[in-house]
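> Structure below; questions to follow.
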Protein chains: 6
Amino acid sequence: MKKFSSQASILIEALPYIKAFSGKTMVLKCGGSWMEEEELVDAFVLDVVLMWYVGMKPVIIHGGGPQISQIMERFGKSPKFIDGQRITDEETMELVEMVLGGRLNKELVSRINHQGGRAVGLSGIDSKLLEAKKHLNGKIDLGFVGEVKKVNPQIISSLDDDGFIPVIAPIGIGDDGKRYNINADWAASEIASALKAEKLIVLTDTRGVLKDEGDENSVISTLTLKQIDEMIENNTIKGGMIPKLRAAQRALKNGVCKVHIIDGRVLHSTILELFTDKGIGTQIVA
Amino acid sequence: MKKFSSQASILIEALPYIKAFSGKTMVLKCGGSWMEEEELVDAFVLDVVLMWYVGMKPVIIHGGGPQISQIMERFGKSPKFIDGQRITDEETMELVEMVLGGRLNKELVSRINHQGGRAVGLSGIDSKLLEAKKHLNGKIDLGFVGEVKKVNPQIISSLDDDGFIPVIAPIGIGDDGKRYNINADWAASEIASALKAEKLIVLTDTRGVLKDEGDENSVISTLTLKQIDEMIENNTIKGGMIPKLRAAQRALKNGVCKVHIIDGRVLHSTILELFTDKGIGTQIVA
Amino acid sequence: MKKFSSQASILIEALPYIKAFSGKTMVLKCGGSWMEEEELVDAFVLDVVLMWYVGMKPVIIHGGGPQISQIMERFGKSPKFIDGQRITDEETMELVEMVLGGRLNKELVSRINHQGGRAVGLSGIDSKLLEAKKHLNGKIDLGFVGEVKKVNPQIISSLDDDGFIPVIAPIGIGDDGKRYNINADWAASEIASALKAEKLIVLTDTRGVLKDEGDENSVISTLTLKQIDEMIENNTIKGGMIPKLRAAQRALKNGVCKVHIIDGRVLHSTILELFTDKGIGTQIVA
Amino acid sequence: MKKFSSQASILIEALPYIKAFSGKTMVLKCGGSWMEEEELVDAFVLDVVLMWYVGMKPVIIHGGGPQISQIMERFGKSPKFIDGQRITDEETMELVEMVLGGRLNKELVSRINHQGGRAVGLSGIDSKLLEAKKHLNGKIDLGFVGEVKKVNPQIISSLDDDGFIPVIAPIGIGDDGKRYNINADWAASEIASALKAEKLIVLTDTRGVLKDEGDENSVISTLTLKQIDEMIENNTIKGGMIPKLRAAQRALKNGVCKVHIIDGRVLHSTILELFTDKGIGTQIVA
Amino acid sequence: MKKFSSQASILIEALPYIKAFSGKTMVLKCGGSWMEEEELVDAFVLDVVLMWYVGMKPVIIHGGGPQISQIMERFGKSPKFIDGQRITDEETMELVEMVLGGRLNKELVSRINHQGGRAVGLSGIDSKLLEAKKHLNGKIDLGFVGEVKKVNPQIISSLDDDGFIPVIAPIGIGDDGKRYNINADWAASEIASALKAEKLIVLTDTRGVLKDEGDENSVISTLTLKQIDEMIENNTIKGGMIPKLRAAQRALKNGVCKVHIIDGRVLHSTILELFTDKGIGTQIVA
Amino acid sequence: MKKFSSQASILIEALPYIKAFSGKTMVLKCGGSWMEEEELVDAFVLDVVLMWYVGMKPVIIHGGGPQISQIMERFGKSPKFIDGQRITDEETMELVEMVLGGRLNKELVSRINHQGGRAVGLSGIDSKLLEAKKHLNGKIDLGFVGEVKKVNPQIISSLDDDGFIPVIAPIGIGDDGKRYNINADWAASEIASALKAEKLIVLTDTRGVLKDEGDENSVISTLTLKQIDEMIENNTIKGGMIPKLRAAQRALKNGVCKVHIIDGRVLHSTILELFTDKGIGTQIVA
């Protein structure tokens with residue numbers, strides 16, 4: 001009878017979280033490299049379907065950097081980056097659209113539906129979800145790299161209300177009809193802001209924000225907006241984590257309640273974060 | 001990391017059941033003796049709130065035999081039974097109403113609300129939920145012992161639709177305005193029938209239906225309508241289990257999908273039955 | 001043909017009141033001693049059903065003092081009062097619940113339903129309708145005598161919207177899950193306030209507020225908030241009428257349009273007050 | 001106190017009728033000559049507003065024969081009738097439209113609104129409520145006298161649902177766009193049929209259907225479809241009452257529950273019929 | 001293939017206007033003399049039905065001066081005017097009601113319905129659409145000539161929401177129940193104001209507002225509120241155009257977006273104004 | 001003034017079609033080669049937006065054969081066809097998804113939105129819109145070429161109801177989670193069937209179905225199901241037109257009202273077909 005009790009107690013442990021998050025919008029961002037790991041993606045897909053069944057409104061934004069680079073190479077183009085951003089000429093942009101919007105997006109959608117969810121894939125072009133403008137980076141022309149100018153979240157609300165799960169590729173549409181490649185962390189931050197989401201959860205390939213970059217055990221469990229400013233200033237936080245934290249700050253300032261940076265390499269890390277007493281990774285609060 | 005995975009896998013194990021039962025009505029019947037055990041009631045109340053949060057519609061019918069006898073004794077009346085049914089004179093009926101409808105019903109309601117649910121207590125008198133007539137048992141006059149003549153389930157649907165949890169004391173109302181004491185198993189069966197419930201779950205103080213009355217390990221895991229008829233005929237099933245099984249048969253014939261007779265003495269037995277791969281107790285199917 | 005005309009003219013006389021009160025919430029408070037008189041209750045029940053059919057939303061709060069004392073005596077407990085408030089130990093509170101919530105409440109409900117209404121009985125415990133805290137009265141501990149801390153009127157609105165008539169026993173629920181005995185006049189005042197009721201009608205056993213306590217013909221037809229203060233100060237009004245008038249004042253300050261103190265001993269006094277040109281009893285206005 | 005009781009008992013006597021007719025459609029037909037009597041019309045208007053406030057859905061169809069004849073004479077035309085039907089040339093039809101649709105209809109509408117109702121005047125032309133065709137009467141050409149070909153009751157339902165009271169002039173519209181003069185009794189019967197009305201109440205200038213034409217005291221209180229056939233066959237019923245009874249028969253065959261032929265000359269005869277124990281006039285049942 | 005292209009391009013030219021005006025309320029005013037011209041009315045009716053089908057909400061107010069004068073003459077009364085306003089004694093008012101509300105209104109309604117629309121005729125009396133008071137003009141008593149005191153637009157919104165086209169005769173109802181003759185331009189201005197209409201379009205029998213009264217080619221294409229004041233002051237605009245422009249000014253001040261004064265003598269001038277690049281007539285803006 | 005009249009008359013000519021098709025679903029299929037012609041696509045996009053604004057529900061299915069072949073060649077793969085169907089190995093299928101779902105679909109979506117529409121791109125994978133199974137063609141294995149097994153049109157209805165325009169890439173999803181390449185004509189036919197569309201309009205690169213394959217002037221204006229069978233049997237119709245006509249037959253048998261095969265090379269051919277008296281191309285009826 002013991003085994004029974006332990007199963008039950010885990011379900012009961014989840015109850016306060018289910019109560020608290022019922023009907024709330026949860027924006028989940030997952031990166032491209034992570035999407036290569038079948039087992040991780042399968043576990044994540046179950047997490048999303050569980051969230052959806054217990055009454056939350058999950059919204060997923062995904063990246064696809066490695067997959068874009070792969071296809072560029074198959075086309076004989078070598079990917080180039082400046083400050084972590086891909087130089088995106090017209091031909092590259094076409095490949096971005098095909099890989100993000102055509103392959104990866106539909107791959108995630110089909111897996112969620114296979115597990116009983118009702119996902120619908122979108123890019124920022126659909127119903128002008130992400131209006132974009134060219135990103136200007138000093139003197140260097142990055143091509144079709146864009147920034148979010150405005151979010152039109154009606155299509156997401158509409159799908160949410162009718163019981164669908166939106167899965168979004170971060171491509172924006174300019175006033176001129178041109179398409180732009182948008183950083184997925186940033187798109188997730190903007191969408192979470194527009195939806196006044198309860199949480200923005202960013203799946204990364206570290207255990208969270210680290211006090212000591214070299215030590216995976218130095219995870220900081222909670223950060224405030226101000227602490228982030230300080231840690232970036234004094235160089236404790238470096239590299240690719242900086243834009244992630246800037247996106248987190250922006251979401252919090254726009255009304256998102258909490259941002260979590262969690263370890264996407266752990267199976268089911270999303271529901272462990274959401275449904276159990278032990279938060280994992282780093283939570284960022286205003 | 002192991003602990004995490006096991007928590008997650010139990011939650012994920014629950015997913016198919018959450019999917020299957022989302023939006024479904026679940027009628028739960030619990031007896032009066034069971035209600036004396038604080039710890040069991042507390043665990044049950046959490047189960048109900050969990051069911052409610054993950055999208056099911058729980059409806060609770062409770063008994064109160066021992067508590068009625070207690071109060072009768074405090075009034076200097078000695079309880080008398082014929083074939084397991086209480087002889088209910090007018091004064092006794094008044095006590096039944098006070099104990100079932102006034103004390104036990106509100107006790108359950110207040111505990112559910114204390115855990116974050118939104119329960120509302122009813123008796124069969126409210127909005128004429130249970131229309132009753134006098135139960136005739138050969139030559140013996142049992143007094144105000146009634147049978148269900150008609151269920152008017154609008155008040156339950158109305159509370160369900162508005163997100164409340166109905167908790168029901170099994171008292172019926174006659175055409176003449178008289179109140180009747182109704183067997184709780186039978187009331188639960190009739191209400192489950194009227195609601196076309198997905199499941200009727202009966203919490204008892206045995207481990208289920210036993211093949212050998214004296215051996216708690218002889219639980220029958222599945223029974224059909226026909227097998228019940230046979231086992232009663234050949235005397236394998238005896239005593240108080242017979243009316244419970246007759247009530248189960250009636251519910252199944254009226255469109256309830258499954259009836260479960262489970263062990264109310266096990267903490268959280270309801271959600272173990274509903275959310276885990278190992279069914280417990282006896283399930284009865286058409 | 002004369003008789004016809006007089007019937008018609010009474011119906012037509014009712015028209016402006018029906019117009020004025022259509023869709024309005026009317027909170028009716030009736031006391032426990034009154035409930036002993038079958039004929040009065042029967043007439044009142046018809047009044048309620050009539051109000052309901054012509055489009056008003058009646059909400060009933062009832063007391064039960066004499067009935068509680070009776071049952072206490074049957075249990076060998078002698079009722080004690082301080083300043084008109086019953087000392088309520090744990091056992092007494094249990095009896096309060098049983099009598100108010102179990103017997104009287106359902107008695108009224110069943111009579112209304114018998115006349116074609118659709119009443120549903122509630123106590124303040126249901127859906128936490130009346131959140132209560134212990135009433136502190138100087139140094140004396142009155143036990144489980146409570147005050148209303150907060151009204152959660154959703155369950156009333158929900159029943160109203162779905163066409164049911166709520167009948168409420170004035171029992172409150174504390175943060176600690178304990179139940180409290182609440183003065184029915186006060187509960188009615190708080191509920192009328194929370195519902196922004198059109199009228200609060202209090203049925204008493206006098207002809208209204210009297211100028212001269214000993215003279216039933218000295219009914220004051222209209223009182224203002226200020227006049228009440230004066231008459232209490234200069235001792236014109238005394239005894240049990242004081243808390244009734246304080247409750248009336250509170251309701252008016254909270255947005256109830258009018259309070260009526262009428263003679264519950266007159267058959268159909270409620271509809272005479274509501275539907276005819278001659279108001280009866282005392283009306284209290286801001 | 002006596003007076004009070006008698007007022008109350010008349011209101012209470014009305015209760016079962018209010019219950020029975022709540023939400024039901026009542027089609028009322030009143031003739032043109034009756035509309036000349038201010039006092040009768042004023043009483044009728046109050047009856048309609050009362051019906052509307054207590055939850056019925058009144059729909060009014062009116063005639064206007066005398067008023068049409070008057071205006072014809074002012075124009076120097078002399079009215080001519082064949083079998084009780086007005087010969088209606090084009091110019092006459094224009095006058096019919098102006099008198100029925102322009103003057104009498106708006107007169108009734110304005111009186112109802114003056115008493116607090118929300119009436120809207122229609123003719124059968126509005127939203128093609130009454131599609132008509134030419135009435136053929138052997139060899140004689142009656143001109144623009146029409147029969148109802150089809151009722152399109154959407155505009156009535158729409159006004160009903162939004163809480164307006166439709167008042168209808170019996171003018172029909174042909175496929176060719178021509179307008180036709182339609183007998184008001186017949187139009188009322190067709191509209192009551194299309195609306196599946198609870199009752200069709202015809203206000204006449206007799207006390208009902210008479211057994212002996214010359215004796216006002218010989219009112220028949222109930223008639224069946226079959227009895228009508230017999231009484232017409234054996235000449236007991238004659239003249240203008242015949243088409244009224246034929247219209248009644250048609251309504252009953254089409255699903256109207258009851259037809260009443262009542263004395264429009266009695267003040268408030270409509271509510272006396274609807275709200276009191278003594279039906280007045282003749283009721284006709286299937 | 002050329003013909004095809006030109007047809008298509010005209011349809012495509014209409015697209016931006018359809019987009020811009022979708023769901024918008026358009027108040028159209030047409031005069032009585034214009035209604036004598038069958039061909040013009042037929043074209044206008046098609047315009048209204050087209051507007052309605054492509055998603056606009058047309059509301060029509062019509063006059064009827066010449067037709068009223070005609071019928072007065074048939075009655076042996078000679079029409080008299082002071083400052084362009086008809087002296088309206090009681091008998092005249094009755095004729096106004098019959099002609100405007102009974103004949104012309106239903107004539108327009110029946111034509112619109114004949115073309116597939118769903119029109120419903122109203123006068124300002126219905127549901128008290130136009131509350132009026134006597135118009136006082138110095139010492140002269142004009143009789144039942146009224147001004148709009150208040151618009152109750154619920155009946156229009158209700159018909160609009162249910163997909164009907166309201167057609168309105170400008171008759172008002174006084175507090176005393178008297179009916180008043182109201183200037184149609186003014187009624188249209190008040191109704192457009194109450195509905196916060198997108199446009200008020202006034203069909204006249206000139207080509208617009210003329211710079212030089214004698215020269216039909218001197219149409220002013222755009223006027224502002226201020227220019228109107230100036231042109232009236234310096235006598236450029238005279239006669240019957242002044243009240244039309246005052247009504248236009250009032251509508252613009254009350255929130256109507258634009259007023260158009262167009263040539264009702266041109267076939268389909270309404271849709272030419274609404275759906276093509278070349279506005280016609282004079283537009284008036286704030 | 002002439003020019004005005006001709007503009008107006010074309011708009012008025014469109015009215016009966018707008019009436020007839022208001023609220024109706026119109027499925028439009030356009031091929032891949034056609035999508036290379038900017039001017040044609042631009043005109044088509046305006047047609048779609050016009051249809052949408054005047055109240056129709058357009059649903060677009062597009063192909064993309066030439067574009068898929070192009071990208072295959074850029075990858076060094078040479079496209080191969082059997083009986084007009086592309087041999088689709090796993091790598092090819094990936095390219096199909098990227099080109100159809102990622103590039104062409106979003107290209108159309110972004111153009112429609114640029115003209116003021118609110119398009120949302122889907123593939124058959126989204127919400128399992130197109131459930132597919134492997135197409136078996138005798139002994140030859142075509143790879144991931146699929147047939148439609150079931151259409152789940154909820155996502156289309158949901159987008160339609162919320163005012164979005166669905167644009168669909170014909171990719172199906174197997175029970176096994178594999179994606180399949182589906183013939184666009186066939187997908188359009190199945191979707192039109194599932195939606196019980198009013199019309200299925202197929203844009204081709206001929207002037208319609210030709211009696212004499214070599215003569216563009218031999219367009220057959222109307223064909224019945226039976227005539228198609230005969231013409232295929234006796235070899236009048238050959239080649240690529242056969243599967244188009246088979247798809248048309250299937251749609252008609254499933255409840256689509258009419259199928260049109262029109263000349264996609266003519267600017268605005270869609271609205272010419274829909275809004276003008278001269279149908280163009282070939283219409284197919286049951």
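Lettering and numbering for the structure tokens are positional, with chains as A, B, ... in the shown order, residues counted from 1 in each chain, and ligands counted from 1 in the shown order.
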Env of Gly124 (chain F): 9 Å cut, atoms = only C-alpha atoms, seq-sep filter 3 positions within chain, self excluded. Answer as a list in words.
Ser127, Lys128, Leu129, Leu130, Glu131, Ala132, Val151, Ile168, Ala169, Pro170, Ile171, Gly172 and Ile173 of chain F
> Residues of the last selection are to be written out with N, CA and C atoms, as a CSV table (one decimal), in the first residue's frame.

chain,number,residue,atom,x,y,z
F,127,SER,N,-3.5,20.7,-36.1
F,127,SER,CA,-4.7,20.2,-35.5
F,127,SER,C,-5.2,18.9,-36.3
F,128,LYS,N,-4.2,18.2,-36.9
F,128,LYS,CA,-4.6,17.0,-37.7
F,128,LYS,C,-5.6,17.3,-38.8
F,129,LEU,N,-5.5,18.4,-39.4
F,129,LEU,CA,-6.5,18.8,-40.5
F,129,LEU,C,-6.6,17.7,-41.5
F,130,LEU,N,-5.5,17.2,-42.0
F,130,LEU,CA,-5.6,16.2,-43.1
F,130,LEU,C,-4.9,14.9,-42.6
F,131,GLU,N,-5.7,14.0,-42.1
F,131,GLU,CA,-5.1,12.7,-41.8
F,131,GLU,C,-4.9,11.9,-43.1
F,132,ALA,N,-3.7,11.3,-43.2
F,132,ALA,CA,-3.3,10.7,-44.5
F,132,ALA,C,-2.9,9.3,-44.3
F,151,VAL,N,-10.7,14.2,-42.9
F,151,VAL,CA,-10.5,15.7,-42.7
F,151,VAL,C,-11.0,16.0,-41.4
F,168,ILE,N,-3.9,26.9,-47.0
F,168,ILE,CA,-3.6,25.5,-46.6
F,168,ILE,C,-2.6,24.9,-47.6
F,169,ALA,N,-1.5,24.4,-47.0
F,169,ALA,CA,-0.5,23.6,-47.8
F,169,ALA,C,-0.9,22.1,-47.7
F,170,PRO,N,-1.0,21.4,-48.8
F,170,PRO,CA,-1.6,20.1,-48.8
F,170,PRO,C,-0.6,19.0,-48.3
F,171,ILE,N,-0.3,19.0,-47.1
F,171,ILE,CA,0.6,18.0,-46.5
F,171,ILE,C,-0.3,17.2,-45.5
F,172,GLY,N,-0.2,15.9,-45.5
F,172,GLY,CA,-1.0,15.1,-44.5
F,172,GLY,C,-0.2,14.5,-43.5
F,173,ILE,N,-0.9,14.0,-42.4
F,173,ILE,CA,-0.2,13.4,-41.3
F,173,ILE,C,-0.7,12.0,-41.1
> Do a neighbour search on region 134-149 of chain D at 7 Å with only C-alpha atoms, toss out local chain neighbours closer than 4 positions, and write the hits as an MDAnalysis selection string.
chainID D and resid 87:89 93 130 180:182
> Emit the selected residues as a CSV table (one decimal), in the first residue's frame, including N, CA, C and O atoms.

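Saved as again-v7.csv:
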chain,number,residue,atom,x,y,z
D,87,ILE,N,-65.3,45.9,-50.7
D,87,ILE,CA,-64.7,46.0,-52.0
D,87,ILE,C,-63.6,47.0,-52.0
D,87,ILE,O,-63.8,48.2,-51.6
D,88,THR,N,-62.4,46.6,-52.4
D,88,THR,CA,-61.2,47.4,-52.1
D,88,THR,C,-60.5,47.7,-53.4
D,88,THR,O,-59.7,47.0,-53.9
D,89,ASP,N,-60.9,48.9,-54.1
D,89,ASP,CA,-60.1,49.2,-55.3
D,89,ASP,C,-58.8,49.9,-54.9
D,89,ASP,O,-58.5,50.0,-53.7
D,93,MET,N,-57.5,50.8,-51.2
D,93,MET,CA,-56.4,50.2,-50.5
D,93,MET,C,-55.4,51.2,-49.9
D,93,MET,O,-54.9,51.0,-48.8
D,130,LEU,N,-46.6,39.2,-43.5
D,130,LEU,CA,-47.7,38.5,-44.0
D,130,LEU,C,-47.7,38.5,-45.6
D,130,LEU,O,-48.0,39.5,-46.2
D,180,TYR,N,-52.4,44.1,-49.8
D,180,TYR,CA,-53.7,43.5,-49.7
D,180,TYR,C,-54.3,43.8,-48.4
D,180,TYR,O,-53.6,43.7,-47.4
D,181,ASN,N,-55.6,44.0,-48.3
D,181,ASN,CA,-56.4,44.2,-47.1
D,181,ASN,C,-56.8,42.8,-46.6
D,181,ASN,O,-57.4,42.0,-47.4
D,182,ILE,N,-56.4,42.5,-45.4
D,182,ILE,CA,-56.7,41.1,-44.9
D,182,ILE,C,-57.6,41.2,-43.7
D,182,ILE,O,-57.4,42.1,-42.8
> Which residues are close to Lys238 (chain A), i.e. within 12 Å by only C-alpha atoms, leaving aside same-chain residues fewer than 2 positions away? Reply as a PyMOL selection string.
chain A and resi 209-214+228-229+231-236+240-246
> Which residue gives the smallest distance to Tyr17 (chain E) among E:Gln283, E:Lys278, E:Asp185, E:Val96, with only C-alpha atoms counted?
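Closest residue, counting only C-alpha atoms: E:Lys278.
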> Would you give me, as a PDB file with C-alpha atoms, in the first residue's frame, the residues of chain D that come within 9 Å of chain C, using only C-alpha atoms?

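To be explicit, this is the file written out as part-v5.pdb:
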ATOM      1  CA  MET D   1     -57.102  44.852   8.055  1.00  0.00           C
ATOM      2  CA  PHE D   4     -55.721  44.297   2.951  1.00  0.00           C
ATOM      3  CA  SER D   5     -56.577  40.629   3.008  1.00  0.00           C
ATOM      4  CA  GLN D   7     -56.412  42.779  -1.984  1.00  0.00           C
ATOM      5  CA  ALA D   8     -53.841  40.149  -1.172  1.00  0.00           C
ATOM      6  CA  SER D   9     -56.130  37.267  -1.956  1.00  0.00           C
ATOM      7  CA  ILE D  10     -56.886  38.612  -5.428  1.00  0.00           C
ATOM      8  CA  LEU D  11     -53.186  38.904  -6.146  1.00  0.00           C
ATOM      9  CA  ILE D  12     -52.635  35.394  -4.836  1.00  0.00           C
ATOM     10  CA  ALA D  14     -53.665  35.392  -9.966  1.00  0.00           C
ATOM     11  CA  LEU D  15     -50.532  33.411  -9.083  1.00  0.00           C
ATOM     12  CA  PRO D  16     -51.371  30.073 -10.730  1.00  0.00           C
ATOM     13  CA  ILE D  18     -49.036  33.868 -13.897  1.00  0.00           C
ATOM     14  CA  LYS D  19     -47.152  30.606 -13.366  1.00  0.00           C
ATOM     15  CA  SER D  22     -45.107  32.839 -17.931  1.00  0.00           C
ATOM     16  CA  LEU D  46     -53.070  48.498 -19.049  1.00  0.00           C
ATOM     17  CA  ASP D  47     -53.938  44.816 -19.401  1.00  0.00           C
ATOM     18  CA  VAL D  49     -48.643  46.153 -20.089  1.00  0.00           C
ATOM     19  CA  LEU D  50     -49.489  44.002 -17.056  1.00  0.00           C
ATOM     20  CA  TYR D  53     -44.514  42.779 -17.032  1.00  0.00           C
ATOM     21  CA  VAL D  54     -45.500  39.470 -15.481  1.00  0.00           C
ATOM     22  CA  GLY D  55     -43.654  37.622 -18.207  1.00  0.00           C
ATOM     23  CA  GLY D 116     -44.667  52.135 -19.744  1.00  0.00           C
ATOM     24  CA  VAL D 266     -66.191  44.965 -20.344  1.00  0.00           C
ATOM     25  CA  LEU D 267     -63.314  46.932 -18.837  1.00  0.00           C
ATOM     26  CA  HIS D 268     -60.201  44.778 -18.350  1.00  0.00           C
ATOM     27  CA  SER D 269     -61.916  41.704 -19.782  1.00  0.00           C
ATOM     28  CA  ILE D 271     -56.942  40.166 -17.552  1.00  0.00           C
ATOM     29  CA  LEU D 272     -60.168  38.944 -16.004  1.00  0.00           C
ATOM     30  CA  PHE D 275     -55.806  36.066 -14.196  1.00  0.00           C
ATOM     31  CA  THR D 276     -58.976  35.076 -12.377  1.00  0.00           C
ATOM     32  CA  LYS D 278     -63.863  32.825 -13.546  1.00  0.00           C
TER      33      LYS D 278
END
> Tell me, as an MDAnalysis selection string, which residues lie within 12 Å of region 26-28 of chain A, counting only C-alpha atoms; anything in the same chain fewer than 4 positions away does not count.
chainID A and resid 21:22 44:45 47:48 51:52 55:63 156 160 165:168 184:185 187:204 248 251 256:262 264 269:271 274
> To one decimal place, how far is CA of Asp277 (chain B) from CA of Gly208 (chain B) in Å?
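We find that CA of Asp277 (chain B) and CA of Gly208 (chain B) lie 17.4 Å from each other.
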